[in-house]
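Heads up: the structure comes next, in structure tokens.
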Amino acid sequence: MAATKPTKILSVKDQIAEQLRSDIISGEMPPQTKLNEKELAERFGLSRGPIRDVILQLTKEGLLISRNNCGASVNSVLDPKLQKLMIKLRRSIEEYAVTELNGNLTDQNIADLEDILASLQDALEREDYTEVTKIDISFHQYLIYQAGGEELVNIWYPYVMRMRLNYKRITSSSECVNEHRAILEALKAQDSATAIKAIKHNIK
């Protein structure tokens, strides 16, 4: 069982990557938006080298796509068949994770997940839907990390980020929180079958 993931101090490049993720998730940078290295360097007050590193990172995550002689742009919305495939693959990984975690969550793990749900509720009440999406991802990422560490997160993460381009913005509160609450309550009850059902209901 992996230990609780420590809180990281984000590097400048990580902060820029996080800002660009927010811009993409919020729709401020819609699909097909071209990224200009010079403009981004000026926006963040950096040279173009770190910007290229961030673009490469987000390309690996599936949020951006780079083409020879065309630069990088925000990736396109997935074809419905590919979206269905990615949902299936993501569900498989998360079903594996909750099975691995069954009976293995510590009191601290549960407290951490409760804190994430409280943050999710708060963001929904503030109608900060970009933050809602990021907290939603962090809830699942916490479970994935506890089940299989960075190795499993690295397999799972690109599916989640690529799928985000197809989702409409979350605009309701109770359903979003309740779906995640159902996952946590099943894990607290050490009921992996119910946890798997809750995962399937949440990932669609």
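By order in the structure tokens, chains are A, B, ...; within a chain, residues start at 1; ligands start at 1, following the order shown.
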Set the distance at 12 Å and use only C-alpha atoms: which residues neighbour Thr194 in chain A once local chain neighbours fewer than 3 positions away are removed? I'd like the list as a ChimeraX atom specification.
/A:95,98-99,102,179,182-191,197-201
Emit the selected residues as a compact mmCIF listing (two decimals), in the first residue's frame, including N, CA and C atoms.
# COMPACT_ATOMS: atom_id res chain seq x y z
N GLU A 95 -11.74 0.67 -11.32
CA GLU A 95 -12.31 -0.52 -10.69
C GLU A 95 -11.18 -1.35 -10.06
N VAL A 98 -10.17 0.54 -6.74
CA VAL A 98 -11.03 0.39 -5.56
C VAL A 98 -11.01 -1.04 -5.03
N THR A 99 -10.76 -1.99 -5.92
CA THR A 99 -10.61 -3.38 -5.46
C THR A 99 -9.34 -3.52 -4.62
N ASN A 102 -9.85 -1.97 -1.14
CA ASN A 102 -10.89 -2.53 -0.27
C ASN A 102 -10.30 -3.06 1.04
N GLU A 179 -22.28 11.54 -6.08
CA GLU A 179 -21.63 10.44 -6.79
C GLU A 179 -20.27 10.10 -6.16
N ALA A 182 -20.78 8.47 -2.72
CA ALA A 182 -21.14 7.06 -2.82
C ALA A 182 -19.90 6.18 -2.95
N ILE A 183 -18.91 6.66 -3.69
CA ILE A 183 -17.66 5.90 -3.82
C ILE A 183 -16.96 5.79 -2.47
N LEU A 184 -16.86 6.93 -1.78
CA LEU A 184 -16.17 6.94 -0.49
C LEU A 184 -16.91 6.09 0.55
N GLU A 185 -18.22 6.20 0.60
CA GLU A 185 -18.98 5.43 1.59
C GLU A 185 -18.84 3.93 1.36
N ALA A 186 -18.80 3.51 0.11
CA ALA A 186 -18.61 2.09 -0.19
C ALA A 186 -17.23 1.62 0.24
N LEU A 187 -16.22 2.46 0.04
CA LEU A 187 -14.87 2.11 0.46
C LEU A 187 -14.79 2.05 1.99
N LYS A 188 -15.44 2.99 2.67
CA LYS A 188 -15.46 2.97 4.13
C LYS A 188 -16.13 1.70 4.66
N ALA A 189 -17.15 1.23 3.93
CA ALA A 189 -17.87 0.01 4.33
C ALA A 189 -17.16 -1.26 3.87
N GLN A 190 -16.01 -1.09 3.17
CA GLN A 190 -15.24 -2.22 2.64
C GLN A 190 -16.11 -3.08 1.71
N ASP A 191 -16.89 -2.38 0.89
CA ASP A 191 -17.80 -3.03 -0.06
C ASP A 191 -17.33 -2.71 -1.47
N LYS A 197 -19.76 -0.22 -8.60
CA LYS A 197 -21.01 0.32 -9.16
C LYS A 197 -21.01 1.84 -9.12
N ALA A 198 -20.52 2.39 -8.02
CA ALA A 198 -20.47 3.85 -7.88
C ALA A 198 -19.49 4.47 -8.88
N ILE A 199 -18.37 3.79 -9.11
CA ILE A 199 -17.40 4.25 -10.12
C ILE A 199 -18.05 4.27 -11.49
N LYS A 200 -18.74 3.20 -11.84
CA LYS A 200 -19.39 3.12 -13.15
C LYS A 200 -20.43 4.21 -13.32
N HIS A 201 -21.14 4.53 -12.23
CA HIS A 201 -22.17 5.57 -12.29
C HIS A 201 -21.54 6.95 -12.47
Quick one: residues within 12 Å of range 81-89 of chain A, only C-alpha atoms, excluding same-chain residues fewer than 6 positions away - as a count of residues only?
21
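For chain A, backbone-based DSSP assignment of strand (DSSP E) covers Leu64, Ile65, Ser66, Arg67, Gly71, Ala72, Ser73 and Val74 of chain A.
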Write out as a ChimeraX atom specification the residues lying within 10 Å of Glu39 in chain A, counting only C-alpha atoms and excluding same-chain residues fewer than 4 positions away.
/A:35,43-45,48,51
Using only N, CA and C atoms, please write the residues we just selected to a file, as an mmCIF file, in the first residue's frame.
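Done, and the output landed in again-v8.cif:
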data_model
loop_
_atom_site.group_PDB
_atom_site.id
_atom_site.type_symbol
_atom_site.label_atom_id
_atom_site.label_comp_id
_atom_site.auth_asym_id
_atom_site.auth_seq_id
_atom_site.Cartn_x
_atom_site.Cartn_y
_atom_site.Cartn_z
ATOM 1 N N LEU A 35 -1.224 27.537 -29.783
ATOM 2 C CA LEU A 35 -0.402 28.126 -28.719
ATOM 3 C C LEU A 35 0.801 28.816 -29.349
ATOM 4 N N ARG A 43 3.593 36.318 -21.477
ATOM 5 C CA ARG A 43 2.521 36.263 -20.469
ATOM 6 C C ARG A 43 3.059 35.845 -19.106
ATOM 7 N N PHE A 44 3.948 34.848 -19.107
ATOM 8 C CA PHE A 44 4.444 34.308 -17.840
ATOM 9 C C PHE A 44 5.813 34.850 -17.439
ATOM 10 N N GLY A 45 6.381 35.728 -18.273
ATOM 11 C CA GLY A 45 7.652 36.356 -17.937
ATOM 12 C C GLY A 45 8.825 35.394 -17.928
ATOM 13 N N ARG A 48 11.486 31.083 -23.754
ATOM 14 C CA ARG A 48 10.648 30.127 -24.481
ATOM 15 C C ARG A 48 10.989 28.674 -24.133
ATOM 16 N N ILE A 51 8.586 27.208 -21.586
ATOM 17 C CA ILE A 51 7.279 27.116 -22.240
ATOM 18 C C ILE A 51 7.223 25.872 -23.116
#
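With only C-alpha atoms as the atoms that count, the residue of A:Asn69, A:Ser119, A:Thr133, A:Ser138 with the shortest distance to Ile25 in chain A is A:Thr133.
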Might you pull out every residue within 8 Å of Leu120 in chain A, with only C-alpha atoms counted and same-chain residues fewer than 6 positions away left off, and present them as a PyMOL selection string?
chain A and resi 132+135-136+177
File dump, residues just selected, C-alpha atoms, as a PDB file, in the first residue's frame:
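File produced: selection-v9.pdb:
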ATOM      1  CA  VAL A 132     -14.816  21.763  -9.420  1.00  0.00           C
ATOM      2  CA  ILE A 135     -11.027  18.800  -7.478  1.00  0.00           C
ATOM      3  CA  ASP A 136     -13.099  16.044  -9.113  1.00  0.00           C
ATOM      4  CA  VAL A 177     -20.951  15.499  -4.687  1.00  0.00           C
TER       5      VAL A 177
END
Quick one: DSSP helix (DSSP H, G or I) residues in range 14-101 of chain A, as a ChimeraX atom specification?
/A:14-26,37-44,48-61,80-101
Neighbour list for Gly27 in chain A as a PDB file with all heavy atoms, in the first residue's frame, cut-off 10 Å, only C-alpha atoms, skip fewer than 3 positions in-chain:
ATOM      1  N   ARG A  21      -3.824  24.194 -18.009  1.00  0.00           N
ATOM      2  CA  ARG A  21      -4.876  23.171 -17.840  1.00  0.00           C
ATOM      3  C   ARG A  21      -6.197  23.847 -17.482  1.00  0.00           C
ATOM      4  O   ARG A  21      -7.249  23.500 -18.023  1.00  0.00           O
ATOM      5  CB  ARG A  21      -4.493  22.188 -16.724  1.00  0.00           C
ATOM      6  CG  ARG A  21      -3.456  21.171 -17.094  1.00  0.00           C
ATOM      7  CD  ARG A  21      -3.346  20.085 -16.030  1.00  0.00           C
ATOM      8  NE  ARG A  21      -2.050  19.436 -16.092  1.00  0.00           N
ATOM      9  CZ  ARG A  21      -1.015  19.740 -15.319  1.00  0.00           C
ATOM     10  NH1 ARG A  21      -1.138  20.673 -14.392  1.00  0.00           N
ATOM     11  NH2 ARG A  21       0.130  19.110 -15.442  1.00  0.00           N
ATOM     12  N   SER A  22      -6.132  24.801 -16.561  1.00  0.00           N
ATOM     13  CA  SER A  22      -7.346  25.519 -16.156  1.00  0.00           C
ATOM     14  C   SER A  22      -7.962  26.251 -17.343  1.00  0.00           C
ATOM     15  O   SER A  22      -9.189  26.252 -17.520  1.00  0.00           O
ATOM     16  CB  SER A  22      -7.033  26.517 -15.039  1.00  0.00           C
ATOM     17  OG  SER A  22      -6.636  25.857 -13.866  1.00  0.00           O
ATOM     18  N   ASP A  23      -7.131  26.884 -18.156  1.00  0.00           N
ATOM     19  CA  ASP A  23      -7.626  27.612 -19.327  1.00  0.00           C
ATOM     20  C   ASP A  23      -8.328  26.672 -20.300  1.00  0.00           C
ATOM     21  O   ASP A  23      -9.348  27.035 -20.902  1.00  0.00           O
ATOM     22  CB  ASP A  23      -6.469  28.321 -20.041  1.00  0.00           C
ATOM     23  CG  ASP A  23      -5.887  29.467 -19.230  1.00  0.00           C
ATOM     24  OD1 ASP A  23      -6.517  29.877 -18.225  1.00  0.00           O
ATOM     25  OD2 ASP A  23      -4.791  29.941 -19.585  1.00  0.00           O
ATOM     26  N   ILE A  24      -7.784  25.467 -20.447  1.00  0.00           N
ATOM     27  CA  ILE A  24      -8.377  24.494 -21.376  1.00  0.00           C
ATOM     28  C   ILE A  24      -9.662  23.913 -20.791  1.00  0.00           C
ATOM     29  O   ILE A  24     -10.689  23.817 -21.466  1.00  0.00           O
ATOM     30  CB  ILE A  24      -7.359  23.382 -21.706  1.00  0.00           C
ATOM     31  CG1 ILE A  24      -6.177  23.969 -22.493  1.00  0.00           C
ATOM     32  CG2 ILE A  24      -8.023  22.257 -22.511  1.00  0.00           C
ATOM     33  CD1 ILE A  24      -4.985  23.027 -22.621  1.00  0.00           C
ATOM     34  N   PRO A  30     -10.413  26.961 -26.217  1.00  0.00           N
ATOM     35  CA  PRO A  30     -11.198  25.847 -26.757  1.00  0.00           C
ATOM     36  C   PRO A  30     -10.373  24.965 -27.695  1.00  0.00           C
ATOM     37  O   PRO A  30      -9.255  25.334 -28.082  1.00  0.00           O
ATOM     38  CB  PRO A  30     -12.323  26.559 -27.518  1.00  0.00           C
ATOM     39  CG  PRO A  30     -11.765  27.895 -27.854  1.00  0.00           C
ATOM     40  CD  PRO A  30     -10.828  28.258 -26.748  1.00  0.00           C
ATOM     41  N   PRO A  31     -10.908  23.792 -28.059  1.00  0.00           N
ATOM     42  CA  PRO A  31     -10.225  22.919 -29.015  1.00  0.00           C
ATOM     43  C   PRO A  31      -9.826  23.677 -30.276  1.00  0.00           C
ATOM     44  O   PRO A  31     -10.542  24.583 -30.724  1.00  0.00           O
ATOM     45  CB  PRO A  31     -11.277  21.836 -29.320  1.00  0.00           C
ATOM     46  CG  PRO A  31     -12.070  21.755 -28.052  1.00  0.00           C
ATOM     47  CD  PRO A  31     -12.158  23.167 -27.554  1.00  0.00           C
ATOM     48  N   THR A 130     -14.446  25.449 -12.981  1.00  0.00           N
ATOM     49  CA  THR A 130     -13.107  24.990 -13.349  1.00  0.00           C
ATOM     50  C   THR A 130     -12.440  24.315 -12.151  1.00  0.00           C
ATOM     51  O   THR A 130     -11.843  23.241 -12.270  1.00  0.00           O
ATOM     52  CB  THR A 130     -12.246  26.164 -13.847  1.00  0.00           C
ATOM     53  OG1 THR A 130     -12.865  26.734 -14.999  1.00  0.00           O
ATOM     54  CG2 THR A 130     -10.844  25.694 -14.201  1.00  0.00           C
ATOM     55  N   LEU A 165     -11.913  17.107 -22.537  1.00  0.00           N
ATOM     56  CA  LEU A 165     -12.221  17.974 -23.668  1.00  0.00           C
ATOM     57  C   LEU A 165     -13.618  17.703 -24.217  1.00  0.00           C
ATOM     58  O   LEU A 165     -14.188  18.537 -24.922  1.00  0.00           O
ATOM     59  CB  LEU A 165     -11.177  17.791 -24.782  1.00  0.00           C
ATOM     60  CG  LEU A 165      -9.740  18.188 -24.410  1.00  0.00           C
ATOM     61  CD1 LEU A 165      -8.791  17.843 -25.535  1.00  0.00           C
ATOM     62  CD2 LEU A 165      -9.662  19.676 -24.092  1.00  0.00           C
ATOM     63  N   LYS A 168     -19.071  18.667 -20.967  1.00  0.00           N
ATOM     64  CA  LYS A 168     -19.624  19.993 -20.752  1.00  0.00           C
ATOM     65  C   LYS A 168     -19.288  20.404 -19.319  1.00  0.00           C
ATOM     66  O   LYS A 168     -19.065  19.564 -18.457  1.00  0.00           O
ATOM     67  CB  LYS A 168     -21.144  19.973 -20.951  1.00  0.00           C
ATOM     68  CG  LYS A 168     -21.559  19.689 -22.384  1.00  0.00           C
ATOM     69  CD  LYS A 168     -23.067  19.687 -22.521  1.00  0.00           C
ATOM     70  CE  LYS A 168     -23.465  19.408 -23.962  1.00  0.00           C
ATOM     71  NZ  LYS A 168     -24.937  19.356 -24.129  1.00  0.00           N
ATOM     72  N   ARG A 169     -19.291  21.698 -19.093  1.00  0.00           N
ATOM     73  CA  ARG A 169     -18.968  22.179 -17.751  1.00  0.00           C
ATOM     74  C   ARG A 169     -20.012  21.706 -16.750  1.00  0.00           C
ATOM     75  O   ARG A 169     -21.205  21.651 -17.043  1.00  0.00           O
ATOM     76  CB  ARG A 169     -18.914  23.711 -17.749  1.00  0.00           C
ATOM     77  CG  ARG A 169     -17.759  24.266 -18.559  1.00  0.00           C
ATOM     78  CD  ARG A 169     -17.790  25.773 -18.567  1.00  0.00           C
ATOM     79  NE  ARG A 169     -17.562  26.300 -17.228  1.00  0.00           N
ATOM     80  CZ  ARG A 169     -17.802  27.572 -16.905  1.00  0.00           C
ATOM     81  NH1 ARG A 169     -18.286  28.410 -17.785  1.00  0.00           N
ATOM     82  NH2 ARG A 169     -17.561  27.989 -15.678  1.00  0.00           N
TER      83      ARG A 169
END
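Between His140 in chain A and the candidates A:Glu37, A:Glu94, A:Asp112, A:Glu125, the tightest atom-to-atom separation, counting only C-alpha atoms, involves A:Glu94.
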Excluding Leu64 in chain A and any residue of its chain fewer than 4 positions from it, enumerate the residues within 7 Å of it, using only C-alpha atoms, and give them as a ChimeraX atom specification.
/A:58-59,72-75
Selected residues written out, N, CA, C and O atoms, as a PDB file, in the first residue's frame:
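Saved to selection.pdb:
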ATOM      1  N   LEU A  58       2.006  18.898 -21.569  1.00  0.00           N
ATOM      2  CA  LEU A  58       0.569  18.876 -21.825  1.00  0.00           C
ATOM      3  C   LEU A  58       0.225  18.073 -23.078  1.00  0.00           C
ATOM      4  O   LEU A  58      -0.888  17.550 -23.194  1.00  0.00           O
ATOM      5  N   THR A  59       1.184  17.958 -23.987  1.00  0.00           N
ATOM      6  CA  THR A  59       0.989  17.097 -25.156  1.00  0.00           C
ATOM      7  C   THR A  59       0.972  15.637 -24.728  1.00  0.00           C
ATOM      8  O   THR A  59       0.129  14.847 -25.176  1.00  0.00           O
ATOM      9  N   ALA A  72       1.885  23.760 -31.653  1.00  0.00           N
ATOM     10  CA  ALA A  72       0.966  23.037 -30.769  1.00  0.00           C
ATOM     11  C   ALA A  72      -0.384  23.749 -30.713  1.00  0.00           C
ATOM     12  O   ALA A  72      -0.454  24.969 -30.828  1.00  0.00           O
ATOM     13  N   SER A  73      -1.429  22.960 -30.532  1.00  0.00           N
ATOM     14  CA  SER A  73      -2.767  23.517 -30.371  1.00  0.00           C
ATOM     15  C   SER A  73      -3.545  22.650 -29.398  1.00  0.00           C
ATOM     16  O   SER A  73      -3.160  21.505 -29.114  1.00  0.00           O
ATOM     17  N   VAL A  74      -4.639  23.203 -28.873  1.00  0.00           N
ATOM     18  CA  VAL A  74      -5.490  22.424 -27.981  1.00  0.00           C
ATOM     19  C   VAL A  74      -6.099  21.274 -28.776  1.00  0.00           C
ATOM     20  O   VAL A  74      -6.566  21.466 -29.901  1.00  0.00           O
ATOM     21  N   ASN A  75      -6.073  20.091 -28.200  1.00  0.00           N
ATOM     22  CA  ASN A  75      -6.540  18.898 -28.902  1.00  0.00           C
ATOM     23  C   ASN A  75      -8.020  19.015 -29.246  1.00  0.00           C
ATOM     24  O   ASN A  75      -8.770  19.768 -28.622  1.00  0.00           O
TER      25      ASN A  75
END
